[in-house]
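What follows is one structure encoded as structure tokens, with my remarks underneath.
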Amino acid sequence: MADDNTIDKTSQESDIPNNHSDARRTFIKQSSLLTALALAPASVVKAAEGKIDEKVADKFENVPVTLEINGVRKKLSIDPRTTTLDLLREQLGLTGTKKGCDYGQCGACTVLMDGERINSCLTFAVMLNGKKITTIEGLATGGELHPMQAAFVKHDGFQCGYCTPGQIMSAVACIREGHANTDDEIREYMSGNICRCGAYPNIVNAIKDVKNSGQKI
Amino acid sequence: MKQFQYMRPTKQKAATDAVAKDPTALFIAGGTNLIDLMKREVMQPEKLVDINMLPLKKIEQRNGSVRIGALVSNSAVAEDRLIVEKFPLLSQALVSGASAQLRNMATVGGNMMQRTRCYYFYDTALPCNKREPGSGCGAIEGINDQHAIFGFSENCIAVNPSDMSVALAALDATVLLSGPKGERRIPFIDFHRLPGDQPEVDTNLMRGELIVAVDVPESPYAQNAHYLKVRERASFAFALVSVAAALDIQNNTIQSARLAMGGVAHKPWRLFDAEKALAGKPVSEESFWQAAEVAMRGAKAFEHNAFKLKLAPNSIVQALKTAAGIA
Ligand SMILES: Cc1cc2nc3c(=O)[nH]c(=O)nc-3n(C[C@H](O)[C@H](O)[C@H](O)COP(=O)(O)OP(=O)(O)OC[C@H]3O[C@@H](n4cnc5c(N)ncnc54)[C@H](O)[C@@H]3O)c2cc1C
Ligand code: FES
Ligand code: FES
């Protein structure tokens with residue numbers, strides 16, 4: 001009995017939250033698609049309905065783009081208005097990268113482009129043709145946390161966790177750039193990542209720990 | 001966001017022709033200012049000419065100057081060995097701007113062209129002569145804490161937000177432009193303009209002209225230079241007031257000085273009269289106060305930015321003291 005219960009509980013624990021979050025994600029995706037349609041200019045909706053005004057469709061056609069995302073090459077056809085952030089979250093299902101402000105002001109959307117940290121909300125995906133993007137999903141190797149992820153856990157580098165993927169991507173770049181030598185330097189070079197929960201002291205500690213450990217990151 | 005056509009030419013001529021021929025077209029470089037403004041529908045280009053394939057990404061030592069390509073990123077300029085050694089003022093100004101992520105994307109050309117951060121310009125529900133000529137200036141009688149104290153007009157009191165441009169104005173840089181009518185060079189201090197009765201025009205760049213590079217002449221100011229930025233938080237905020245100060249000091253006497261201010265006018269505000277007042281003076285706080293007094297002549301505040309009339313001279317003195325090593 002006890003065993004049965006345990007098994008039951010485990011399967012519930014792993015199933016239900018997943019179902020919930022999947023359903024929630026699907027709902028969010030569908031509703032943002034509806035919003036996108038609702039906001040699309042009449043010409044596009046018309047084209048989408050099949051009565052295609054070829055001139056309009058031609059003029060604003062999708063652009064073919066090849067990107068390498070977390071080591072996987074992707075050939076995509078993209079509306080040029082799509083930001084890299086929206087491409088990752090809405091089209092590729094990589095929801096680890098967060099949208100905080102959408103205007104470059106918070107750093108929640110930080111990813112690495114050819115190894116350099118950028119705000120994915122202020123780049124059009126079409127502009128990154130041929131580039132390599134690394135997101136938080138691509139940081140760990142073979143089920144092992146990346147040292148920076150482990151350090152954020154160890155030092156409690158978050159409360160709600162919303163800013164955390166951006167903080168971690170930025171922190172990795174901060175060390176690689178050589179800008180993590182003192183507390184002040186870390187604070188200055190991490191200032192593009194806002195944490196509403198104010199986990200800053202622990203974030204600085206996590207970065208120092210990784211830096212001082214001398215691990216290759 | 002309004003739809004646009006996207007093109008990515010590999011030849012400079014194709015890029016400049018595309019923008020010259022189409023009044024709705026714009027270049028895009030890092031995208032950090034333009035995409036922000038497109039999302040808010042403050043700017044609505046119908047064609048974007050992505051210039052990132054053009055070979056404008058080099059920093060080169062030339063005879064008597066250093067040439068910085070228009071597409072070099074703000075972080076690459078700030079960390080470049082030549083720049084740090086010869087123009088620490090420029091490096092400091094760049095590092096004080098935006099965030100590490102944004103500086104990786106932002107380019108020299110885009111930084112020069114970034115638009116004002118005036119609230120009225122950003123909010124399409126409010127009047128703004130810069131965004132919509134003829135709609136009025138909301139800031140003159142409205143919220144004007146961030147606004148100009150020099151060089152404004154009855155049509156616009158916005159300020160230029162760039163830190164990099166303040167340093168380049170002080171360092172006597174020259175801008176290289178290339179357009180449908182060929183190439184030309186203009187002094188950096190003539191690149192941006194005052195609002196006058198055409199506040200919608202920020203610069204003297206002509207349609208289709210591309211910023212190709214900036215030349216910074218070698219100067220004796222590397223030893224004694226400082227960029228001071230005063231803002232509402234310690235990092236990642238635009239300047240309320242900033243000062244680029246550079247001195248050539250021999251035997252405790254100022255041979256010559258270069259001074260410019262940010263956050264006070266529609267363009268980087270070069271302080272020629274204060275520079276003259278400093279030449280030949282001993283290095284002392286008194287000399288610096290005299291220069292600050294000269295610099296502030298003609299300043300005029302609005303309802304909410306009167307603090308700048310005190311903050312600006314204090315900042316000038318502080319920047320000069322730090323540059324001279326007597327802070
Ligand atoms: C949150 C935030 C904080 C910021 N803080 C600061 C700060 O503290 N200090 C500061 O100085 N800046 C700050 N910035 C502004 C930032 O420096 C600019 O957005 C950036 O420098 C613009 O460069 P870009 O290459 O991304 O330009 P884009 O966005 O690509 O282009 C901007 C404009 O320049 C034109 N353009 C670009 N390149 C050329 C060229 N070669 N020739 C002709 N025209 C060209 C484009 O057509 C466009 O109109 C901040 C920005 C953000 C989003
Ligand atoms: S979502 Fe990109 S910086 Fe805030
Ligand atoms: S942990 Fe909540 S915003 Fe940073």
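Every chain in the structure tokens takes a letter, A first, then B, and so on in the order presented; its residues are numbered from 1, and the ligands are numbered from 1 following the presented order.
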Cut-off 9 Å, only C-alpha atoms and all ligand atoms, neighbours of ligand 3 as number ranges by chain: A: 108, 157-164, 167, 193-200
Closest atom pairs, residues of chain A within 10 Å of ligand 1, only C-alpha atoms and all ligand atoms, as a tab-separated table:
residue	atom	partner	partner_atom_place_in_ligand_line	distance
A:Cys101	CA	ligand 1	1 (C)	9.6
A:Asp102	CA	ligand 1	53 (C)	9.6
A:Tyr103	CA	ligand 1	53 (C)	6.0
A:Gly104	CA	ligand 1	53 (C)	4.6
A:Gln105	CA	ligand 1	1 (C)	3.9
A:Cys106	CA	ligand 1	1 (C)	7.5
A:Gly107	CA	ligand 1	1 (C)	9.1
A:Asn119	CA	ligand 1	53 (C)	9.2
A:Cys121	CA	ligand 1	53 (C)	9.9
A:Leu122	CA	ligand 1	53 (C)	7.8
A:Thr123	CA	ligand 1	26 (O)	8.9
A:Gly192	CA	ligand 1	1 (C)	8.1
Taking C-alpha atoms for each residue, export the selection above as a PDB file, in the first residue's frame.
ATOM      1  CA  CYS A 101      10.464  45.071 -20.524  1.00  0.00           C
ATOM      2  CA  ASP A 102      10.892  44.359 -24.271  1.00  0.00           C
ATOM      3  CA  TYR A 103      12.876  47.641 -24.573  1.00  0.00           C
ATOM      4  CA  GLY A 104      16.447  46.804 -23.567  1.00  0.00           C
ATOM      5  CA  GLN A 105      15.999  48.124 -20.052  1.00  0.00           C
ATOM      6  CA  CYS A 106      15.994  44.990 -17.857  1.00  0.00           C
ATOM      7  CA  GLY A 107      18.283  42.284 -19.293  1.00  0.00           C
ATOM      8  CA  ASN A 119      19.464  41.825 -25.467  1.00  0.00           C
ATOM      9  CA  CYS A 121      14.402  41.913 -27.437  1.00  0.00           C
ATOM     10  CA  LEU A 122      16.240  44.640 -29.380  1.00  0.00           C
ATOM     11  CA  THR A 123      17.417  42.571 -32.337  1.00  0.00           C
ATOM     12  CA  GLY A 192      22.119  45.772 -17.448  1.00  0.00           C
TER      13      GLY A 192
END
Nearest residue to chain A from the set B:Glu60, B:Glu232, B:Asp17, B:Glu79 (distances using only C-alpha atoms):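 Between B:Glu60, B:Glu232, B:Asp17, B:Glu79, the residue approaching chain A most closely is B:Glu79.
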For ligand 2, the nearest of the candidates A:Leu85, A:Ile133, A:Ile78, A:Val72, counting only C-alpha atoms and all ligand atoms: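 The shortest atom-to-atom distance to ligand 2 comes from A:Leu85.
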Test item: residues at most 7 Å from B:Ala291, only C-alpha atoms, excluding those fewer than 5 positions along its chain, as a list in words: Ala274, Ala277 and Leu278 of chain B
Stretch 66-186 of chain A: residues DSSP assigns to strand (DSSP E), reported as a list in words: Thr66, Leu67, Glu68, Ile69, Val72, Arg73, Lys74, Lys75, Leu76, Ser77, Ile78, Thr110, Val111, Leu112, Met113, Glu116, Arg117, Ile118, Asn119, Lys132, Ile133 and Thr134 of chain A
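In chain B, the set of residues within 8 Å of chain A (atoms considered: only C-alpha atoms) is B:Met1, B:Gln3, B:Phe4, B:Gln5, B:Tyr6, B:Gly30, B:Gly31, B:Thr32, B:Ile35, B:Asp36, B:Asp50, B:Ala98, B:Ser99, B:Ala100, B:Gln101, B:Leu102, B:Asn104, B:Met105, B:Ser235, B:Phe236.
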Close residues, A:Leu67 itself excluded, 6 Å, only C-alpha atoms, min 6 positions apart in chain, as a ChimeraX atom specification: /A:73-74,129-131
Written selection (all heavy atoms) as a PDB file, in the first residue's frame:
ATOM      1  N   ARG A  73      21.442  23.643 -35.925  1.00  0.00           N
ATOM      2  CA  ARG A  73      21.207  24.535 -37.055  1.00  0.00           C
ATOM      3  C   ARG A  73      19.726  24.569 -37.410  1.00  0.00           C
ATOM      4  O   ARG A  73      19.090  23.526 -37.494  1.00  0.00           O
ATOM      5  CB  ARG A  73      21.980  24.013 -38.267  1.00  0.00           C
ATOM      6  CG  ARG A  73      22.942  24.996 -38.852  1.00  0.00           C
ATOM      7  CD  ARG A  73      23.783  24.273 -39.888  1.00  0.00           C
ATOM      8  NE  ARG A  73      23.207  24.442 -41.210  1.00  0.00           N
ATOM      9  CZ  ARG A  73      23.603  25.378 -42.067  1.00  0.00           C
ATOM     10  NH1 ARG A  73      24.560  26.210 -41.724  1.00  0.00           N
ATOM     11  NH2 ARG A  73      23.054  25.478 -43.263  1.00  0.00           N
ATOM     12  N   LYS A  74      19.196  25.772 -37.598  1.00  0.00           N
ATOM     13  CA  LYS A  74      17.774  25.889 -37.932  1.00  0.00           C
ATOM     14  C   LYS A  74      17.636  26.721 -39.197  1.00  0.00           C
ATOM     15  O   LYS A  74      18.225  27.803 -39.289  1.00  0.00           O
ATOM     16  CB  LYS A  74      17.008  26.623 -36.829  1.00  0.00           C
ATOM     17  CG  LYS A  74      17.159  26.013 -35.467  1.00  0.00           C
ATOM     18  CD  LYS A  74      15.835  25.446 -35.000  1.00  0.00           C
ATOM     19  CE  LYS A  74      16.007  24.851 -33.620  1.00  0.00           C
ATOM     20  NZ  LYS A  74      15.152  23.731 -33.366  1.00  0.00           N
ATOM     21  N   ASN A 129      21.263  36.300 -39.223  1.00  0.00           N
ATOM     22  CA  ASN A 129      21.525  35.217 -40.164  1.00  0.00           C
ATOM     23  C   ASN A 129      22.974  34.737 -40.034  1.00  0.00           C
ATOM     24  O   ASN A 129      23.902  35.543 -40.053  1.00  0.00           O
ATOM     25  CB  ASN A 129      21.262  35.721 -41.588  1.00  0.00           C
ATOM     26  CG  ASN A 129      21.240  34.589 -42.585  1.00  0.00           C
ATOM     27  OD1 ASN A 129      20.768  33.488 -42.283  1.00  0.00           O
ATOM     28  ND2 ASN A 129      21.772  34.837 -43.768  1.00  0.00           N
ATOM     29  N   GLY A 130      23.147  33.426 -39.898  1.00  0.00           N
ATOM     30  CA  GLY A 130      24.493  32.854 -39.822  1.00  0.00           C
ATOM     31  C   GLY A 130      25.125  32.894 -38.437  1.00  0.00           C
ATOM     32  O   GLY A 130      26.241  32.420 -38.256  1.00  0.00           O
ATOM     33  N   LYS A 131      24.428  33.459 -37.466  1.00  0.00           N
ATOM     34  CA  LYS A 131      25.012  33.588 -36.116  1.00  0.00           C
ATOM     35  C   LYS A 131      24.686  32.367 -35.255  1.00  0.00           C
ATOM     36  O   LYS A 131      23.742  31.632 -35.513  1.00  0.00           O
ATOM     37  CB  LYS A 131      24.456  34.832 -35.413  1.00  0.00           C
ATOM     38  CG  LYS A 131      24.646  36.120 -36.185  1.00  0.00           C
ATOM     39  CD  LYS A 131      26.025  36.666 -35.975  1.00  0.00           C
ATOM     40  CE  LYS A 131      26.128  38.068 -36.557  1.00  0.00           C
ATOM     41  NZ  LYS A 131      27.491  38.475 -36.821  1.00  0.00           N
TER      42      LYS A 131
END
Within 10 Å of stretch 298-315 of chain B using only C-alpha atoms, minus same-chain residues under 4 positions, as a PyMOL selection string: chain B and resi 139-152+157+228-230+240-244+261-264+288-294+319-321
Atomic distance atom CA of B:Asp202 - atom CA of B:Met112, expressed in Å with one decimal: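 Those two atoms sit 10.0 Å apart.
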Distance in Å - atom CA of B:Leu71 versus atom CA of B:Gly110: 8.2 Å
Those in stretch 61-227 of chain B with helix (DSSP H, G or I) from DSSP, as an MDAnalysis selection string: chainID B and resid 74:79 81:86 88:95 100:105 108:113 119:122 138:141 164:170 188:190
A:Asp183 environment, 8 Å, only C-alpha atoms, sequence neighbours closer than 3 positions dropped, as a PyMOL selection string: chain A and resi 180+186-187+204+208
Taking C-alpha atoms for each residue, export the selection above as a compact mmCIF listing (two decimals), in the first residue's frame.
# COMPACT_ATOMS: atom_id res chain seq x y z
CA ALA A 180 34.53 40.17 -12.80
CA ILE A 186 30.86 42.98 -11.22
CA ARG A 187 28.12 45.40 -10.15
CA VAL A 204 27.63 39.01 -6.91
CA LYS A 208 32.76 35.70 -7.51
At a cut-off of 9 Å, using only C-alpha atoms, what residues contact B:Arg8? Leave out same-chain residues fewer than 2 positions from it and give the result as an mmCIF file with all heavy atoms, in the first residue's frame.
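Listed below is the output, part.cif:
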data_model
loop_
_atom_site.group_PDB
_atom_site.id
_atom_site.type_symbol
_atom_site.label_atom_id
_atom_site.label_comp_id
_atom_site.auth_asym_id
_atom_site.auth_seq_id
_atom_site.Cartn_x
_atom_site.Cartn_y
_atom_site.Cartn_z
ATOM 1 N N MET A 127 18.309 39.739 -38.684
ATOM 2 C CA MET A 127 19.634 40.355 -38.706
ATOM 3 C C MET A 127 20.718 39.399 -38.193
ATOM 4 O O MET A 127 21.899 39.699 -38.279
ATOM 5 C CB MET A 127 19.635 41.639 -37.868
ATOM 6 C CG MET A 127 18.734 42.719 -38.461
ATOM 7 S SD MET A 127 18.610 44.154 -37.397
ATOM 8 C CE MET A 127 20.284 44.798 -37.463
ATOM 9 N N TYR B 6 12.885 44.289 -45.800
ATOM 10 C CA TYR B 6 14.210 44.158 -45.212
ATOM 11 C C TYR B 6 15.230 43.827 -46.287
ATOM 12 O O TYR B 6 15.002 42.949 -47.109
ATOM 13 C CB TYR B 6 14.174 43.045 -44.164
ATOM 14 C CG TYR B 6 15.524 42.680 -43.607
ATOM 15 C CD1 TYR B 6 16.128 43.475 -42.641
ATOM 16 C CD2 TYR B 6 16.199 41.543 -44.050
ATOM 17 C CE1 TYR B 6 17.372 43.148 -42.132
ATOM 18 C CE2 TYR B 6 17.438 41.209 -43.547
ATOM 19 C CZ TYR B 6 18.012 42.017 -42.586
ATOM 20 O OH TYR B 6 19.251 41.692 -42.085
ATOM 21 N N THR B 10 25.572 44.102 -49.573
ATOM 22 C CA THR B 10 26.984 43.889 -49.232
ATOM 23 C C THR B 10 27.844 45.022 -49.789
ATOM 24 O O THR B 10 29.018 45.107 -49.488
ATOM 25 C CB THR B 10 27.495 42.547 -49.797
ATOM 26 O OG1 THR B 10 27.159 42.502 -51.193
ATOM 27 C CG2 THR B 10 26.844 41.371 -49.098
ATOM 28 N N ALA B 15 23.599 50.251 -50.526
ATOM 29 C CA ALA B 15 22.960 50.673 -49.273
ATOM 30 C C ALA B 15 22.556 52.144 -49.347
ATOM 31 O O ALA B 15 21.418 52.514 -49.035
ATOM 32 C CB ALA B 15 23.909 50.434 -48.098
ATOM 33 N N LEU B 48 14.004 48.684 -44.251
ATOM 34 C CA LEU B 48 15.200 48.724 -43.422
ATOM 35 C C LEU B 48 16.370 48.199 -44.224
ATOM 36 O O LEU B 48 16.308 47.103 -44.791
ATOM 37 C CB LEU B 48 15.040 47.878 -42.155
ATOM 38 C CG LEU B 48 14.228 48.475 -41.013
ATOM 39 C CD1 LEU B 48 14.359 47.603 -39.774
ATOM 40 C CD2 LEU B 48 14.655 49.901 -40.696
ATOM 41 N N VAL B 49 17.422 49.013 -44.282
ATOM 42 C CA VAL B 49 18.634 48.622 -44.988
ATOM 43 C C VAL B 49 19.667 48.250 -43.923
ATOM 44 O O VAL B 49 20.238 49.121 -43.268
ATOM 45 C CB VAL B 49 19.121 49.770 -45.892
ATOM 46 C CG1 VAL B 49 20.391 49.362 -46.620
ATOM 47 C CG2 VAL B 49 18.023 50.168 -46.873
ATOM 48 N N ASP B 50 19.840 46.950 -43.740
ATOM 49 C CA ASP B 50 20.762 46.425 -42.725
ATOM 50 C C ASP B 50 22.194 46.603 -43.252
ATOM 51 O O ASP B 50 22.559 46.032 -44.272
ATOM 52 C CB ASP B 50 20.429 44.940 -42.496
ATOM 53 C CG ASP B 50 21.316 44.288 -41.452
ATOM 54 O OD1 ASP B 50 22.316 44.894 -41.031
ATOM 55 O OD2 ASP B 50 20.992 43.141 -41.062
ATOM 56 N N ILE B 51 22.988 47.410 -42.536
ATOM 57 C CA ILE B 51 24.335 47.727 -43.042
ATOM 58 C C ILE B 51 25.421 46.828 -42.442
ATOM 59 O O ILE B 51 26.607 47.055 -42.662
ATOM 60 C CB ILE B 51 24.694 49.217 -42.808
ATOM 61 C CG1 ILE B 51 24.579 49.581 -41.321
ATOM 62 C CG2 ILE B 51 23.813 50.116 -43.670
ATOM 63 C CD1 ILE B 51 25.025 51.016 -41.037
ATOM 64 N N ASN B 52 25.011 45.816 -41.705
ATOM 65 C CA ASN B 52 26.014 45.005 -40.999
ATOM 66 C C ASN B 52 26.938 44.176 -41.884
ATOM 67 O O ASN B 52 27.940 43.656 -41.397
ATOM 68 C CB ASN B 52 25.329 44.109 -39.958
ATOM 69 C CG ASN B 52 24.875 44.936 -38.764
ATOM 70 O OD1 ASN B 52 25.713 45.435 -38.011
ATOM 71 N ND2 ASN B 52 23.572 45.119 -38.607
ATOM 72 N N MET B 53 26.594 44.051 -43.184
ATOM 73 C CA MET B 53 27.492 43.316 -44.082
ATOM 74 C C MET B 53 28.582 44.234 -44.649
ATOM 75 O O MET B 53 29.488 43.763 -45.327
ATOM 76 C CB MET B 53 26.706 42.703 -45.253
ATOM 77 C CG MET B 53 25.630 41.715 -44.856
ATOM 78 S SD MET B 53 26.310 40.236 -44.110
ATOM 79 C CE MET B 53 26.806 39.359 -45.600
#
Atomic separation - atom CA of B:Met164 relative to atom 4 (Fe, counted along the ligand's line) of ligand 2, Å: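 Distance between the two atoms: 22.9 Å.
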